[in-house]
Amino acid sequence: MEGSGGDHFILVHGLGHGAWCWYKLVPMLRAAGHRVTALDMAASGVHPARMDEVPSFEDYSRPLLDAVAAAPAGERLVLVGHSLGGLNIALAMERLPRKVAAAVFLDACMPCVGRHMGVTMEEFSRRTTPDFFMDSERMVLETSEGPRAALVFGPKLLAAKLYGRSPVEDLTLATMLVRPGRQFGDDAMVKDETLLTDANYGSVKKVYVVAMEDVAFSEDMQRWMVDLSPGTEAVEIAGADHMAMFSKPRELCDVLLGIASKHD
C-alpha cells in the first residue's frame with residue numbers, strides 16, 4: 001500500500017492488527033502530497049506467515065527493516081508506530097538511524113536508551129489488572145524457539161478498551177480482521193538492555209502523540225514513557241481513544257503533517 005511524493009511516511013500497526021488499520025489516514029497523507037507505505041508485520045494483516053512461524057522479534061519486524069533499508073538515499077522517512085509498533089520502529093531507528101528523519105510514537109510503546117525494550121510492556125502489566133484482556137483468547141504457539149504465549153483480542157475487549165470512541169464500523173472491521181499476536185516479552189532482543197544506543201536510536205528525532213481518552217494506555221502511562229527519553233516532543237490529540245487513526249483521523253493527519261513540515 002504505497003503512494004509517491006513529498007516525505008515518505010511508513011506506518012506500523014500494533015498487536016494483532018495490520019496495514020488495514022491505516023485505511024483512513026493513508027489517502028489523507030497522500031492528498032497532502034506525501035508518499036505512504038502501510039506495512040504488515042510478519043504474520044499480521046495479509047502477511048502469509050502464521051505467528052507460530054515467526055520465532056523472533058527481529059523476524060516479526062523484518063518487513064519494516066527491509067522497507068527502511070530499501071529506501072533510496074536522501075529519501076526523508078517518517079516512521080509512525082502505533083501501540084506495540086513503537087518497538088518495531090525503535091529497532092529500525094537503532095539499525096538505520098541515518099535513514100530516519102523523524103519517528104512518531106502514536107500512543108505507543110516507546111523504549112529508552114539504557115533499558116530493555118520490554119520495560120514498556122512490564123510497566124503496562126504493572127498498571128493493569130489480570131482481567132484487562134476480558135474475552136481475549138490466550139494460546140500457546142509451538143515455535144522453532146519452543147512454546148510461546150500469544151493472544152487474539154476479543155470483541156468485548158476491542159469495544160471497551162481500544163475502540164471506545166471509534167465508529168462502530170471500524171470496530172466491526174477489527175473484529176473481522178484481528179489475528180493472533182505476540183508481545184515478544186521473552187525475546188532475547190527485547191530483553192537486551194544494551195540494544196538501544198545514544199549514537200543510533202537516541203540520535204533520531206522522536207515525537208510522542210498522546211491519545212487523551214485512551215483507556216488502555218492511560219495518559220499517565222504515555223507521559224511516563226515520554227519522560228524516559230528527555231528531548232522527546234509530546235503532542236496531544238483530544239478525544240482520541242487507543243485507535244486514534246479511527247477515532248480522530250483528521251486530527252492525527254494534521255499532527256503528522258505538522259511533524260513532517262517541522263523536520264524538513
# chains A, B, ... in the order shown; residues from 1 in each chain; ligands from 1
call {"tool": "select_by_dssp", "arguments": {"residues": "region 75-223 of chain A", "states": "alpha helix (DSSP H)", "output": "mmCIF file with C-alpha atoms, in the first residue's frame"}}
result
data_model
loop_
_atom_site.group_PDB
_atom_site.id
_atom_site.type_symbol
_atom_site.label_atom_id
_atom_site.label_comp_id
_atom_site.auth_asym_id
_atom_site.auth_seq_id
_atom_site.Cartn_x
_atom_site.Cartn_y
_atom_site.Cartn_z
ATOM 1 C CA GLY A 85 4.511 -0.941 16.758
ATOM 2 C CA GLY A 86 6.605 1.524 18.732
ATOM 3 C CA LEU A 87 9.063 -1.289 19.430
ATOM 4 C CA ASN A 88 9.312 -2.125 15.723
ATOM 5 C CA ILE A 89 10.211 1.424 14.762
ATOM 6 C CA ALA A 90 12.660 1.647 17.691
ATOM 7 C CA LEU A 91 14.551 -1.319 16.261
ATOM 8 C CA ALA A 92 14.600 0.283 12.801
ATOM 9 C CA MET A 93 15.880 3.545 14.313
ATOM 10 C CA GLU A 94 18.706 1.690 16.053
ATOM 11 C CA ARG A 95 19.672 -0.257 12.938
ATOM 12 C CA VAL A 119 10.235 -2.380 30.125
ATOM 13 C CA THR A 120 7.302 -0.630 28.451
ATOM 14 C CA MET A 121 5.209 -3.803 28.447
ATOM 15 C CA GLU A 122 6.266 -4.598 32.003
ATOM 16 C CA GLU A 123 5.042 -1.189 33.120
ATOM 17 C CA PHE A 124 1.752 -1.720 31.290
ATOM 18 C CA SER A 125 1.279 -5.023 33.103
ATOM 19 C CA ARG A 126 2.107 -3.382 36.422
ATOM 20 C CA ARG A 127 -0.584 -0.744 35.855
ATOM 21 C CA PRO A 155 -14.758 -8.314 20.617
ATOM 22 C CA LYS A 156 -15.636 -7.116 24.131
ATOM 23 C CA LEU A 157 -12.040 -6.064 24.773
ATOM 24 C CA VAL A 168 -18.863 1.158 15.119
ATOM 25 C CA GLU A 169 -17.982 0.286 11.518
ATOM 26 C CA ASP A 170 -14.277 0.351 12.384
ATOM 27 C CA LEU A 171 -14.843 -1.748 15.487
ATOM 28 C CA THR A 172 -16.734 -4.259 13.350
ATOM 29 C CA LEU A 173 -13.887 -4.322 10.826
ATOM 30 C CA ALA A 174 -11.428 -5.054 13.622
ATOM 31 C CA THR A 175 -13.471 -7.977 14.940
ATOM 32 C CA MET A 176 -13.241 -9.493 11.448
ATOM 33 C CA LEU A 177 -9.543 -8.869 10.810
ATOM 34 C CA GLU A 219 -2.338 9.433 29.744
ATOM 35 C CA ASP A 220 -0.098 8.950 32.776
ATOM 36 C CA MET A 221 1.444 5.817 31.240
ATOM 37 C CA GLN A 222 2.048 7.617 27.948
ATOM 38 C CA ARG A 223 3.721 10.562 29.671
#
call {"tool": "closest_atom_pairs", "arguments": {"of": "region 81-159 of chain A", "to": "region 197-218 of chain A", "cutoff": "10 Å", "atoms": "only C-alpha atoms", "output": "CSV"}}
result
residue,atom,partner,partner_atom,distance
A:Gly81,CA,A:Tyr208,CA,9.9
A:His82,CA,A:Val209,CA,9.5
A:Ser83,CA,A:Phe217,CA,8.6
A:Gly86,CA,A:Tyr208,CA,10.0
A:Ile89,CA,A:Tyr201,CA,9.7
A:Ala90,CA,A:Tyr201,CA,6.7
A:Leu91,CA,A:Tyr201,CA,7.9
A:Ala92,CA,A:Tyr201,CA,8.4
A:Met93,CA,A:Tyr201,CA,5.1
A:Glu94,CA,A:Tyr201,CA,4.3
A:Arg95,CA,A:Asn200,CA,7.3
A:Leu96,CA,A:Asn200,CA,7.6
A:Pro97,CA,A:Asn200,CA,5.4
A:Arg98,CA,A:Val204,CA,8.0
A:Lys99,CA,A:Val204,CA,9.5
A:Val100,CA,A:Val204,CA,6.9
A:Ala101,CA,A:Val204,CA,6.9
A:Ala102,CA,A:Lys205,CA,4.9
A:Ala103,CA,A:Lys206,CA,4.9
A:Val104,CA,A:Val207,CA,4.9
A:Phe105,CA,A:Tyr208,CA,4.7
A:Leu106,CA,A:Val209,CA,4.8
A:Asp107,CA,A:Val210,CA,5.5
A:Ala108,CA,A:Tyr208,CA,7.9
A:Cys109,CA,A:Phe217,CA,9.2
A:Met110,CA,A:Tyr208,CA,8.2
A:Pro111,CA,A:Tyr201,CA,9.7
A:Cys112,CA,A:Gly202,CA,8.0
A:Val113,CA,A:Thr197,CA,5.5
A:Gly114,CA,A:Thr197,CA,7.3
A:Arg115,CA,A:Thr197,CA,9.9
A:Phe124,CA,A:Phe217,CA,7.4
A:Arg127,CA,A:Ser218,CA,9.2
A:Thr128,CA,A:Ala216,CA,8.7
A:Phe132,CA,A:Ala216,CA,8.6
A:Phe133,CA,A:Ala216,CA,9.9
A:Leu157,CA,A:Ala216,CA,9.9
call {"tool": "closest_residue", "arguments": {"among": "A:Arg76, A:Ala38, A:Ala69, A:Gly33", "to": "His263 (chain A)", "atoms": "only C-alpha atoms"}}
result
A:Arg76
call {"tool": "atom_distance", "arguments": {"atom1": "CA of Ser56 (chain A)", "atom2": "CA of Gly185 (chain A)"}}
result
10.3 Å
call {"tool": "atom_distance", "arguments": {"atom1": "CA of Glu58 (chain A)", "atom2": "CA of Glu145 (chain A)"}}
result
13.1 Å
call {"tool": "closest_residue", "arguments": {"among": "A:Glu236, A:Asp192, A:Asp135, A:Asp40", "to": "Lys161 (chain A)", "atoms": "only C-alpha atoms"}}
result
A:Asp135
call {"tool": "residues_around", "arguments": {"residues": "Gln183 (chain A)", "least_positions_apart": "6", "cutoff": "9 Å", "atoms": "only C-alpha atoms", "output": "list in words"}}
result
Leu15, Phe57, Leu84, Gly118, Met121, Ala149 and Ala150 of chain A
call {"tool": "write_last_selection", "arguments": {"atoms": "N, CA and C atoms", "output": "short mmCIF file (atom, residue, chain, number, x, y, z; two decimals), in the first residue's frame"}}
result
data_model
loop_
_atom_site.label_atom_id
_atom_site.label_comp_id
_atom_site.auth_asym_id
_atom_site.auth_seq_id
_atom_site.Cartn_x
_atom_site.Cartn_y
_atom_site.Cartn_z
N LEU A 15 -0.38 -4.60 18.07
CA LEU A 15 -0.60 -6.02 18.32
C LEU A 15 -1.88 -6.54 17.67
N PHE A 57 11.47 -11.51 17.53
CA PHE A 57 11.02 -10.15 17.29
C PHE A 57 11.65 -9.58 16.02
N LEU A 84 2.11 -1.48 20.12
CA LEU A 84 3.30 -2.32 20.11
C LEU A 84 4.23 -1.96 18.96
N GLY A 118 11.44 -4.24 26.55
CA GLY A 118 10.29 -4.83 27.22
C GLY A 118 9.84 -4.10 28.46
N MET A 121 6.27 -2.82 28.25
CA MET A 121 5.21 -3.80 28.45
C MET A 121 5.12 -4.22 29.91
N ALA A 149 3.74 -17.71 24.23
CA ALA A 149 2.39 -17.22 24.51
C ALA A 149 1.93 -16.24 23.43
N ALA A 150 0.66 -16.31 23.10
CA ALA A 150 0.05 -15.38 22.14
C ALA A 150 -1.40 -15.14 22.56
#
call {"tool": "residues_around", "arguments": {"residues": "His8 (chain A)", "least_positions_apart": "6", "cutoff": "12 Å", "atoms": "only C-alpha atoms", "output": "count of residues only"}}
result
31
call {"tool": "atom_distance", "arguments": {"atom1": "CA of Thr143 (chain A)", "atom2": "CA of Pro48 (chain A)"}}
result
16.1 Å
call {"tool": "closest_residue", "arguments": {"among": "A:Leu11, A:Leu39, A:Thr129, A:Gly16", "to": "Val178 (chain A)", "atoms": "only C-alpha atoms"}}
result
A:Gly16
call {"tool": "select_by_dssp", "arguments": {"residues": "region 22-183 of chain A", "states": "strand (DSSP E)", "output": "ChimeraX atom specification"}}
result
/A:35-39,77-82,100-106,137-143,146-152
